[in-house]
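Reviewing the structure listed below.
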Amino acid sequence: MSRRIHARRTEGVDKNVWVEFTQLAADYKAVNLGQGFPDFSPPKFVQEAFCDAVNGGPQMHQYTRAFGHPRLVQSLATFFSRVTGHEIDPLEDVLVTVGAYQALFCAFQALIDEGDEVIIVEPFFDCYQPMVKMVGGKEVYVPLRPKVEGSLSSADWTLSAEELASKFTPRTKAIVINTPNNPLGKVYKTEELQMIADLCIKHDVLCISDEVYEWLTYDGNKHVKIASLPGMWERTITIGSGGKTFSATGWKVGWVISSGHIIKHMKTIFQNCVYHCPTAAQEAVARGFEREYELFGSPESYFQQLPAMLHHRRGKLASCLQSVGLQPIMPEGGYFMIADISSVKVDFNDDSTKDESYDYRFVKWLTKEKGLATIPVSAFYSPEHGKEFDKYVRFCFVKEEATLDAAEQILRKWSQGKLNV
């Protein structure tokens, strides 16, 4: 065709860090600490629930309720009513989506108009930016910054109240936060969330809160839902993930919990794109939440067992990174750990990357030359702030011990090679 084929909304959003670096890891058969998925199985009880669903008769293989399988929306409403202290209506206040990704897509499509400003706290999960762009919104960025040089914990990274307040204008429609944060691992404290909430209420702004790692917190840190703060239920869109909750990312079951007057607009988008999510996977996630409701807070709860296991693996990765001269930022929550690579000097010999940022060059070198895949942290920042944070790379520690051992061998071999030069 001689005429333009593509819609203009696709311009400037064609590049995707996951597509690029997942393919690079596959091409070089690298040990993959890049992409955020467990390489171990979900707990037995949800695997059995999935098998029971698949064998549960013809209804489990057919369409269920479009906006969420009845058993799942009921279990989500029951569980999160306890957590938020707000009585959640399963049919009006919950929407089940194809993963948290689609929940975010529905939120931006349903709630953001052309010209609306959306404040995005950095570092941010990379899909926020293109999703805002595609609806004609304007992204406004404010970064978390370390309070001191040489920060050793994600707790040291904070929002400036003055800087954040300055970003609100009459055109601001929403703010997007992610807690626990990907890639940093920051878990927002109640007072930090209250500061954000006060600004949302003052300026009559929505809050899109991405909380997919809510059960993964360490060292006594507690996840707080901003929707539970006074005046925030009616303006907060809370995003959750069955894949992250039960270590089953391939099931692609996500959800939105919000006030019915917001959810109804998201349902309009949902019914005109995918319409429906897989029935058996929803049934399995529902049964998982029913079990966790009964065991909540007990040692038998998966929500207690998983972070305990990952606490050990987080420590293992941090020790390894420190031993080879990298400075890890210890995460308070989530799947990931970022590390400061500024003290490491690498002689890049790949001219194809010479115009890229330092962290991109480092990650490509580490993947191609050493066989270890990671992710550059500047990918989680806007162009205006990316240069400030291109001395960090992201590692995923939600992996089998054998995977972490293989990564450690690669890093130690590299470190030993530096010493022998």
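Starting from 1 in every chain, residues are counted up; chains themselves are A, B, ... following the order of the structure tokens, and ligands are numbered from 1 as listed.
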Handout entry: Contacts of segment 279-282 of chain A within 7 Å, only C-alpha atoms, excl. fewer than 3 positions in-chain, as a ChimeraX atom specification
Key = /A:50,53-54,60-64,69,72,251,253,285-286
Closest atom pairs, residues of segment 23-134 of chain A within 10 Å of segment 172-191 of chain A, only C-alpha atoms, as a tab-separated table:
```
residue	atom	partner	partner_atom	distance
A:Gly36	CA	A:Asn182	CA	9.5
A:Phe108	CA	A:Ala174	CA	9.4
A:Leu111	CA	A:Lys173	CA	8.3
A:Ile112	CA	A:Lys173	CA	7.0
A:Asp113	CA	A:Lys173	CA	8.7
A:Gly115	CA	A:Thr172	CA	9.3
A:Asp116	CA	A:Lys173	CA	5.8
A:Glu117	CA	A:Thr172	CA	4.5
A:Val118	CA	A:Ala174	CA	5.0
A:Ile119	CA	A:Ile175	CA	4.5
A:Ile120	CA	A:Val176	CA	5.0
A:Val121	CA	A:Ile177	CA	5.8
A:Glu122	CA	A:Ile177	CA	8.5
A:Pro123	CA	A:Pro183	CA	6.9
A:Phe124	CA	A:Asn182	CA	6.7
A:Phe125	CA	A:Asn182	CA	6.2
A:Asp126	CA	A:Asn182	CA	9.5
A:Tyr128	CA	A:Val176	CA	8.1
```
Handout entry: Residue neighbourhood Pro38 of chain A, 9 Å, only C-alpha atoms, exclusion window fewer than 5 positions, as a list of chain:residue names
Key = A:Lys244, A:Ser247, A:Ala248, A:Thr249, A:Tyr335, A:Cys396, A:Phe397, A:Val398, A:Lys399, A:Glu400
Generate a file of the selected residues that holds N, CA, C and O atoms, formatted as a compact mmCIF listing (two decimals), in the first residue's frame.
```txt
# COMPACT_ATOMS: atom_id res chain seq x y z
N LYS A 244 1.60 -13.07 40.21
CA LYS A 244 2.61 -12.70 41.20
C LYS A 244 2.23 -13.25 42.57
O LYS A 244 3.10 -13.65 43.35
N SER A 247 2.79 -17.21 42.22
CA SER A 247 3.97 -17.66 41.44
C SER A 247 3.55 -18.43 40.19
O SER A 247 4.11 -19.47 39.86
N ALA A 248 2.54 -17.88 39.50
CA ALA A 248 2.02 -18.53 38.29
C ALA A 248 1.79 -17.46 37.23
O ALA A 248 0.65 -17.21 36.80
N THR A 249 2.87 -16.82 36.79
CA THR A 249 2.73 -15.66 35.92
C THR A 249 2.11 -16.01 34.57
O THR A 249 1.48 -15.16 33.94
N TYR A 335 10.33 -8.64 43.64
CA TYR A 335 11.11 -9.69 42.98
C TYR A 335 12.56 -9.30 42.72
O TYR A 335 13.35 -10.16 42.34
N CYS A 396 16.83 -10.23 39.05
CA CYS A 396 15.67 -10.90 39.64
C CYS A 396 16.17 -12.05 40.52
O CYS A 396 16.95 -12.88 40.06
N PHE A 397 15.72 -12.10 41.78
CA PHE A 397 16.17 -13.17 42.68
C PHE A 397 15.07 -14.20 42.94
O PHE A 397 15.26 -15.11 43.76
N VAL A 398 13.94 -14.09 42.25
CA VAL A 398 12.86 -15.06 42.43
C VAL A 398 13.13 -16.24 41.49
O VAL A 398 12.46 -16.46 40.48
N LYS A 399 14.18 -16.96 41.82
CA LYS A 399 14.68 -18.04 40.99
C LYS A 399 15.06 -19.24 41.86
O LYS A 399 15.26 -19.10 43.07
N GLU A 400 15.19 -20.38 41.22
CA GLU A 400 15.68 -21.57 41.89
C GLU A 400 17.09 -21.31 42.42
O GLU A 400 17.85 -20.52 41.86
```
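Those residues that approach segment 407-411 of chain A to within 10 Å, counting only C-alpha atoms, are Ala30, Val31, Asn32, Leu33, Lys316, Leu317, Ser319, Cys320, Leu321, Ser323, Val324, Gly325, Leu366, Lys370, Gly371, Leu372, Ala373, Glu401, Ala402, Thr403, Ser415, Gln416 and Gly417 of chain A; same-chain residues fewer than 4 positions away are not listed.
Nearest-residue note for Asn221 of chain A: choosing from A:Val274, A:Gly334, A:Gly240, A:Ser2, the minimum distance belongs to A:Gly334, counting only C-alpha atoms.
Picture a line from atom CA of Ser258 of chain A to atom CA of Tyr101 of chain A; it runs 16.4 Å.
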Could you list, as a short mmCIF file (atom, residue, chain, number, x, y, z; two decimals) with C-alpha atoms, in the first residue's frame, every residue within 6 Å of Ile338 of chain A, counting only C-alpha atoms and ignoring same-chain residues fewer than 5 positions away?
```cif
data_model
loop_
_atom_site.label_atom_id
_atom_site.label_comp_id
_atom_site.auth_asym_id
_atom_site.auth_seq_id
_atom_site.Cartn_x
_atom_site.Cartn_y
_atom_site.Cartn_z
CA PRO A 328 23.33 -3.85 45.77
CA ILE A 329 20.45 -1.68 46.95
CA VAL A 393 21.15 -2.73 36.59
CA ARG A 394 18.28 -4.92 37.80
#
```
Could you produce a table of the residues of segment 289-400 of chain A lying within 12 Å of segment 18-29 of chain A, with the nearest pair of atoms per residue and their separation in Å rounded to one decimal, using only C-alpha atoms, ordered by chain and increasing residue number, as JSON lines?
```
{"residue": "A:Tyr360", "atom": "CA", "partner": "A:Phe21", "partner_atom": "CA", "distance": 9.8}
{"residue": "A:Arg361", "atom": "CA", "partner": "A:Phe21", "partner_atom": "CA", "distance": 11.8}
{"residue": "A:Val363", "atom": "CA", "partner": "A:Phe21", "partner_atom": "CA", "distance": 8.9}
{"residue": "A:Lys364", "atom": "CA", "partner": "A:Leu24", "partner_atom": "CA", "distance": 7.9}
{"residue": "A:Trp365", "atom": "CA", "partner": "A:Leu24", "partner_atom": "CA", "distance": 10.7}
{"residue": "A:Leu366", "atom": "CA", "partner": "A:Ala25", "partner_atom": "CA", "distance": 10.2}
{"residue": "A:Thr367", "atom": "CA", "partner": "A:Ala25", "partner_atom": "CA", "distance": 6.5}
{"residue": "A:Lys368", "atom": "CA", "partner": "A:Tyr28", "partner_atom": "CA", "distance": 6.1}
{"residue": "A:Glu369", "atom": "CA", "partner": "A:Tyr28", "partner_atom": "CA", "distance": 8.9}
{"residue": "A:Lys370", "atom": "CA", "partner": "A:Tyr28", "partner_atom": "CA", "distance": 9.4}
{"residue": "A:Gly371", "atom": "CA", "partner": "A:Tyr28", "partner_atom": "CA", "distance": 6.6}
{"residue": "A:Leu372", "atom": "CA", "partner": "A:Ala25", "partner_atom": "CA", "distance": 7.8}
{"residue": "A:Ala373", "atom": "CA", "partner": "A:Ala25", "partner_atom": "CA", "distance": 5.7}
{"residue": "A:Thr374", "atom": "CA", "partner": "A:Phe21", "partner_atom": "CA", "distance": 8.1}
{"residue": "A:Ile375", "atom": "CA", "partner": "A:Phe21", "partner_atom": "CA", "distance": 7.3}
{"residue": "A:Pro376", "atom": "CA", "partner": "A:Phe21", "partner_atom": "CA", "distance": 9.4}
{"residue": "A:Ala379", "atom": "CA", "partner": "A:Trp18", "partner_atom": "CA", "distance": 9.9}
{"residue": "A:Phe380", "atom": "CA", "partner": "A:Trp18", "partner_atom": "CA", "distance": 11.5}
```
If you keep N, CA, C and O atoms, can you produce a file of those selected residues as a PDB file, in the first residue's frame?
```
ATOM      1  N   TYR A 360      22.625   0.097  29.500  1.00  0.00           N
ATOM      2  CA  TYR A 360      22.260  -0.736  28.351  1.00  0.00           C
ATOM      3  C   TYR A 360      23.498  -1.441  27.796  1.00  0.00           C
ATOM      4  O   TYR A 360      23.459  -2.638  27.477  1.00  0.00           O
ATOM      5  N   ARG A 361      24.600  -0.698  27.675  1.00  0.00           N
ATOM      6  CA  ARG A 361      25.831  -1.288  27.146  1.00  0.00           C
ATOM      7  C   ARG A 361      26.345  -2.384  28.081  1.00  0.00           C
ATOM      8  O   ARG A 361      26.784  -3.445  27.636  1.00  0.00           O
ATOM      9  N   VAL A 363      24.607  -4.237  30.256  1.00  0.00           N
ATOM     10  CA  VAL A 363      23.739  -5.415  30.237  1.00  0.00           C
ATOM     11  C   VAL A 363      23.966  -6.238  28.970  1.00  0.00           C
ATOM     12  O   VAL A 363      24.027  -7.475  29.026  1.00  0.00           O
ATOM     13  N   LYS A 364      24.110  -5.574  27.836  1.00  0.00           N
ATOM     14  CA  LYS A 364      24.349  -6.314  26.590  1.00  0.00           C
ATOM     15  C   LYS A 364      25.706  -7.000  26.630  1.00  0.00           C
ATOM     16  O   LYS A 364      25.850  -8.144  26.178  1.00  0.00           O
ATOM     17  N   TRP A 365      26.709  -6.327  27.173  1.00  0.00           N
ATOM     18  CA  TRP A 365      28.037  -6.944  27.311  1.00  0.00           C
ATOM     19  C   TRP A 365      27.982  -8.148  28.247  1.00  0.00           C
ATOM     20  O   TRP A 365      28.516  -9.215  27.937  1.00  0.00           O
ATOM     21  N   LEU A 366      27.299  -7.990  29.387  1.00  0.00           N
ATOM     22  CA  LEU A 366      27.224  -9.076  30.359  1.00  0.00           C
ATOM     23  C   LEU A 366      26.494 -10.290  29.780  1.00  0.00           C
ATOM     24  O   LEU A 366      26.879 -11.440  30.037  1.00  0.00           O
ATOM     25  N   THR A 367      25.475 -10.037  28.983  1.00  0.00           N
ATOM     26  CA  THR A 367      24.716 -11.129  28.369  1.00  0.00           C
ATOM     27  C   THR A 367      25.539 -11.824  27.289  1.00  0.00           C
ATOM     28  O   THR A 367      25.641 -13.067  27.263  1.00  0.00           O
ATOM     29  N   LYS A 368      26.123 -11.035  26.403  1.00  0.00           N
ATOM     30  CA  LYS A 368      26.838 -11.603  25.247  1.00  0.00           C
ATOM     31  C   LYS A 368      28.178 -12.222  25.629  1.00  0.00           C
ATOM     32  O   LYS A 368      28.529 -13.310  25.171  1.00  0.00           O
ATOM     33  N   GLU A 369      28.910 -11.537  26.494  1.00  0.00           N
ATOM     34  CA  GLU A 369      30.278 -11.963  26.793  1.00  0.00           C
ATOM     35  C   GLU A 369      30.375 -12.910  27.990  1.00  0.00           C
ATOM     36  O   GLU A 369      31.263 -13.759  28.040  1.00  0.00           O
ATOM     37  N   LYS A 370      29.460 -12.776  28.932  1.00  0.00           N
ATOM     38  CA  LYS A 370      29.561 -13.570  30.157  1.00  0.00           C
ATOM     39  C   LYS A 370      28.403 -14.547  30.344  1.00  0.00           C
ATOM     40  O   LYS A 370      28.463 -15.417  31.213  1.00  0.00           O
ATOM     41  N   GLY A 371      27.337 -14.379  29.570  1.00  0.00           N
ATOM     42  CA  GLY A 371      26.231 -15.329  29.651  1.00  0.00           C
ATOM     43  C   GLY A 371      25.291 -15.127  30.814  1.00  0.00           C
ATOM     44  O   GLY A 371      24.648 -16.072  31.277  1.00  0.00           O
ATOM     45  N   LEU A 372      25.172 -13.876  31.303  1.00  0.00           N
ATOM     46  CA  LEU A 372      24.258 -13.567  32.400  1.00  0.00           C
ATOM     47  C   LEU A 372      23.361 -12.410  31.968  1.00  0.00           C
ATOM     48  O   LEU A 372      23.839 -11.328  31.627  1.00  0.00           O
ATOM     49  N   ALA A 373      22.054 -12.644  31.993  1.00  0.00           N
ATOM     50  CA  ALA A 373      21.089 -11.647  31.532  1.00  0.00           C
ATOM     51  C   ALA A 373      20.516 -10.859  32.700  1.00  0.00           C
ATOM     52  O   ALA A 373      20.078 -11.438  33.704  1.00  0.00           O
ATOM     53  N   THR A 374      20.512  -9.534  32.568  1.00  0.00           N
ATOM     54  CA  THR A 374      19.906  -8.630  33.540  1.00  0.00           C
ATOM     55  C   THR A 374      19.126  -7.569  32.745  1.00  0.00           C
ATOM     56  O   THR A 374      18.956  -7.691  31.534  1.00  0.00           O
ATOM     57  N   ILE A 375      18.671  -6.518  33.426  1.00  0.00           N
ATOM     58  CA  ILE A 375      17.890  -5.465  32.774  1.00  0.00           C
ATOM     59  C   ILE A 375      18.464  -4.100  33.167  1.00  0.00           C
ATOM     60  O   ILE A 375      18.754  -3.867  34.348  1.00  0.00           O
ATOM     61  N   PRO A 376      18.616  -3.175  32.206  1.00  0.00           N
ATOM     62  CA  PRO A 376      19.111  -1.836  32.534  1.00  0.00           C
ATOM     63  C   PRO A 376      18.043  -1.019  33.263  1.00  0.00           C
ATOM     64  O   PRO A 376      16.881  -0.991  32.860  1.00  0.00           O
ATOM     65  N   ALA A 379      15.771   1.949  31.767  1.00  0.00           N
ATOM     66  CA  ALA A 379      14.548   1.602  31.034  1.00  0.00           C
ATOM     67  C   ALA A 379      13.300   1.918  31.842  1.00  0.00           C
ATOM     68  O   ALA A 379      12.207   2.018  31.280  1.00  0.00           O
ATOM     69  N   PHE A 380      13.460   2.097  33.148  1.00  0.00           N
ATOM     70  CA  PHE A 380      12.329   2.373  34.038  1.00  0.00           C
ATOM     71  C   PHE A 380      12.205   3.866  34.342  1.00  0.00           C
ATOM     72  O   PHE A 380      11.486   4.250  35.259  1.00  0.00           O
TER      73      PHE A 380
END
```
Handout entry: All strand (DSSP E) positions in segment 174-389 of chain A, as an MDAnalysis selection string
Key = chainID A and resid 174:178 206:210 236:241 254:257 327:329 336:340 372:373 375:376
How would the residues just picked look written out with N, CA and C atoms as a JSON list (two decimals), in the first residue's frame?
```json
[["chain", "number", "residue", "atom", "x", "y", "z"],
["A", 174, "ALA", "N", -4.56, 11.96, 37.04],
["A", 174, "ALA", "CA", -4.22, 10.78, 37.84],
["A", 174, "ALA", "C", -2.75, 10.78, 38.19],
["A", 175, "ILE", "N", -2.42, 10.03, 39.24],
["A", 175, "ILE", "CA", -1.04, 9.72, 39.59],
["A", 175, "ILE", "C", -0.91, 8.21, 39.62],
["A", 176, "VAL", "N", 0.23, 7.69, 39.17],
["A", 176, "VAL", "CA", 0.48, 6.25, 39.15],
["A", 176, "VAL", "C", 1.63, 5.94, 40.11],
["A", 177, "ILE", "N", 1.36, 5.04, 41.06],
["A", 177, "ILE", "CA", 2.40, 4.58, 41.97],
["A", 177, "ILE", "C", 2.50, 3.07, 41.90],
["A", 178, "ASN", "N", 3.63, 2.53, 42.32],
["A", 178, "ASN", "CA", 3.88, 1.09, 42.31],
["A", 178, "ASN", "C", 4.57, 0.73, 43.62],
["A", 206, "LEU", "N", -7.28, 11.09, 40.58],
["A", 206, "LEU", "CA", -7.32, 9.64, 40.75],
["A", 206, "LEU", "C", -5.94, 9.10, 41.09],
["A", 207, "CYS", "N", -5.90, 7.96, 41.77],
["A", 207, "CYS", "CA", -4.63, 7.28, 42.05],
["A", 207, "CYS", "C", -4.71, 5.87, 41.50],
["A", 208, "ILE", "N", -3.82, 5.55, 40.56],
["A", 208, "ILE", "CA", -3.70, 4.19, 40.03],
["A", 208, "ILE", "C", -2.55, 3.55, 40.78],
["A", 209, "SER", "N", -2.88, 2.56, 41.62],
["A", 209, "SER", "CA", -1.88, 1.95, 42.51],
["A", 209, "SER", "C", -1.61, 0.52, 42.08],
["A", 210, "ASP", "N", -0.44, 0.30, 41.54],
["A", 210, "ASP", "CA", 0.00, -1.02, 41.05],
["A", 210, "ASP", "C", 0.62, -1.76, 42.24],
["A", 236, "THR", "N", -9.25, 5.59, 44.16],
["A", 236, "THR", "CA", -8.10, 4.72, 43.93],
["A", 236, "THR", "C", -8.48, 3.52, 43.08],
["A", 237, "ILE", "N", -7.61, 3.22, 42.12],
["A", 237, "ILE", "CA", -7.73, 2.03, 41.27],
["A", 237, "ILE", "C", -6.59, 1.11, 41.67],
["A", 238, "THR", "N", -6.89, 0.02, 42.37],
["A", 238, "THR", "CA", -5.87, -0.89, 42.87],
["A", 238, "THR", "C", -5.73, -2.07, 41.93],
["A", 239, "ILE", "N", -4.50, -2.29, 41.47],
["A", 239, "ILE", "CA", -4.19, -3.35, 40.51],
["A", 239, "ILE", "C", -3.54, -4.52, 41.24],
["A", 240, "GLY", "N", -4.04, -5.75, 40.99],
["A", 240, "GLY", "CA", -3.46, -6.95, 41.59],
["A", 240, "GLY", "C", -3.18, -8.03, 40.56],
["A", 241, "SER", "N", -2.45, -9.06, 40.98],
["A", 241, "SER", "CA", -2.01, -10.11, 40.06],
["A", 241, "SER", "C", -2.04, -11.48, 40.72],
["A", 254, "GLY", "N", -5.36, -11.22, 36.40],
["A", 254, "GLY", "CA", -5.18, -10.00, 37.18],
["A", 254, "GLY", "C", -6.53, -9.45, 37.58],
["A", 255, "TRP", "N", -6.52, -8.32, 38.30],
["A", 255, "TRP", "CA", -7.78, -7.72, 38.70],
["A", 255, "TRP", "C", -7.61, -6.25, 39.04],
["A", 256, "VAL", "N", -8.74, -5.58, 39.04],
["A", 256, "VAL", "CA", -8.83, -4.21, 39.53],
["A", 256, "VAL", "C", -9.87, -4.20, 40.63],
["A", 257, "ILE", "N", -9.55, -3.53, 41.72],
["A", 257, "ILE", "CA", -10.52, -3.30, 42.79],
["A", 257, "ILE", "C", -10.64, -1.79, 42.97],
["A", 327, "GLN", "N", 27.49, -2.91, 44.08],
["A", 327, "GLN", "CA", 26.84, -2.44, 45.31],
["A", 327, "GLN", "C", 25.33, -2.62, 45.21],
["A", 328, "PRO", "N", 24.78, -3.66, 45.84],
["A", 328, "PRO", "CA", 23.33, -3.85, 45.77],
["A", 328, "PRO", "C", 22.57, -2.85, 46.63],
["A", 329, "ILE", "N", 21.39, -2.47, 46.15],
["A", 329, "ILE", "CA", 20.45, -1.68, 46.95],
["A", 329, "ILE", "C", 19.44, -2.69, 47.50],
["A", 336, "PHE", "N", 12.89, -8.01, 42.83],
["A", 336, "PHE", "CA", 14.10, -7.51, 42.18],
["A", 336, "PHE", "C", 15.06, -6.79, 43.13],
["A", 337, "MET", "N", 16.29, -6.72, 42.69],
["A", 337, "MET", "CA", 17.34, -5.98, 43.37],
["A", 337, "MET", "C", 18.11, -5.20, 42.32],
["A", 338, "ILE", "N", 18.30, -3.91, 42.55],
["A", 338, "ILE", "CA", 19.16, -3.17, 41.64],
["A", 338, "ILE", "C", 20.55, -3.06, 42.26],
["A", 339, "ALA", "N", 21.55, -2.93, 41.40],
["A", 339, "ALA", "CA", 22.93, -2.84, 41.87],
["A", 339, "ALA", "C", 23.64, -1.70, 41.15],
["A", 340, "ASP", "N", 24.44, -0.97, 41.91],
["A", 340, "ASP", "CA", 25.25, 0.12, 41.38],
["A", 340, "ASP", "C", 26.49, -0.47, 40.71],
["A", 372, "LEU", "N", 25.17, -13.88, 31.30],
["A", 372, "LEU", "CA", 24.26, -13.57, 32.40],
["A", 372, "LEU", "C", 23.36, -12.41, 31.97],
["A", 373, "ALA", "N", 22.05, -12.64, 31.99],
["A", 373, "ALA", "CA", 21.09, -11.65, 31.53],
["A", 373, "ALA", "C", 20.52, -10.86, 32.70],
["A", 375, "ILE", "N", 18.67, -6.52, 33.43],
["A", 375, "ILE", "CA", 17.89, -5.47, 32.77],
["A", 375, "ILE", "C", 18.46, -4.10, 33.17],
["A", 376, "PRO", "N", 18.62, -3.18, 32.21],
["A", 376, "PRO", "CA", 19.11, -1.84, 32.53],
["A", 376, "PRO", "C", 18.04, -1.02, 33.26]]
```
Practice task
Would you return as a PyMOL selection string the members of segment 192-260 of chain A that DSSP assigns to alpha helix (DSSP H) on this structure's backbone?
Solution key: chain A and resi 192-203+242-245+260
Once you have the residues from the selection above, write them out as a tab-separated table (two decimals), in the first residue's frame, restricted to N, CA, C and O atoms.
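This went into result_16.tsv:
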```tsv
chain	number	residue	atom	x	y	z
A	192	GLU	N	4.27	8.29	53.71
A	192	GLU	CA	4.52	8.64	52.31
A	192	GLU	C	3.24	8.54	51.49
A	192	GLU	O	2.95	9.41	50.65
A	193	LEU	N	2.48	7.48	51.73
A	193	LEU	CA	1.21	7.32	51.03
A	193	LEU	C	0.23	8.42	51.44
A	193	LEU	O	-0.55	8.91	50.61
A	194	GLN	N	0.26	8.82	52.71
A	194	GLN	CA	-0.64	9.88	53.17
A	194	GLN	C	-0.33	11.19	52.46
A	194	GLN	O	-1.24	11.97	52.13
A	195	MET	N	0.95	11.47	52.24
A	195	MET	CA	1.34	12.69	51.54
A	195	MET	C	0.77	12.68	50.12
A	195	MET	O	0.24	13.69	49.63
A	196	ILE	N	0.85	11.51	49.44
A	196	ILE	CA	0.28	11.38	48.10
A	196	ILE	C	-1.24	11.51	48.15
A	196	ILE	O	-1.85	12.20	47.33
A	197	ALA	N	-1.85	10.86	49.14
A	197	ALA	CA	-3.30	10.91	49.28
A	197	ALA	C	-3.79	12.34	49.50
A	197	ALA	O	-4.80	12.76	48.91
A	198	ASP	N	-3.10	13.09	50.34
A	198	ASP	CA	-3.50	14.47	50.62
A	198	ASP	C	-3.52	15.30	49.33
A	198	ASP	O	-4.43	16.12	49.12
A	199	LEU	N	-2.53	15.09	48.48
A	199	LEU	CA	-2.46	15.83	47.21
A	199	LEU	C	-3.57	15.38	46.26
A	199	LEU	O	-4.17	16.20	45.56
A	200	CYS	N	-3.85	14.08	46.24
A	200	CYS	CA	-4.93	13.57	45.39
A	200	CYS	C	-6.27	14.18	45.79
A	200	CYS	O	-7.07	14.60	44.94
A	201	ILE	N	-6.50	14.23	47.09
A	201	ILE	CA	-7.77	14.78	47.58
A	201	ILE	C	-7.84	16.29	47.33
A	201	ILE	O	-8.86	16.82	46.87
A	202	LYS	N	-6.75	16.98	47.60
A	202	LYS	CA	-6.72	18.43	47.40
A	202	LYS	C	-7.00	18.80	45.95
A	202	LYS	O	-7.73	19.77	45.68
A	203	HIS	N	-6.44	18.04	45.01
A	203	HIS	CA	-6.56	18.39	43.59
A	203	HIS	C	-7.62	17.55	42.86
A	203	HIS	O	-7.73	17.65	41.63
A	242	GLY	N	-2.82	-12.39	40.13
A	242	GLY	CA	-2.78	-13.78	40.58
A	242	GLY	C	-1.46	-14.44	40.26
A	242	GLY	O	-0.97	-15.29	41.01
A	243	GLY	N	-0.86	-14.04	39.13
A	243	GLY	CA	0.43	-14.61	38.74
A	243	GLY	C	1.52	-14.31	39.74
A	243	GLY	O	2.30	-15.20	40.12
A	244	LYS	N	1.60	-13.07	40.21
A	244	LYS	CA	2.61	-12.70	41.20
A	244	LYS	C	2.23	-13.25	42.57
A	244	LYS	O	3.10	-13.65	43.35
A	245	THR	N	0.95	-13.29	42.88
A	245	THR	CA	0.50	-13.75	44.19
A	245	THR	C	0.81	-15.22	44.41
A	245	THR	O	1.27	-15.62	45.49
A	260	GLY	N	-17.34	1.18	42.48
A	260	GLY	CA	-18.14	0.82	41.33
A	260	GLY	C	-18.31	1.93	40.31
A	260	GLY	O	-18.42	1.66	39.11
```
Problem - Arg82 of chain A environment, 12 Å, only C-alpha atoms, sequence neighbours closer than 5 positions dropped, as a ChimeraX atom specification - result: /A:75-77,87-88,225,228,293-294,296
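Take atom CA of Cys273 of chain A and atom CA of Phe67 of chain A: the distance between them is 12.0 Å.
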Handout entry: Selection: 8 Å around Ala318 of chain A, only C-alpha atoms, excl. self and same-chain fewer than 4 positions, as a ChimeraX atom specification
Key = /A:314,322,328,330
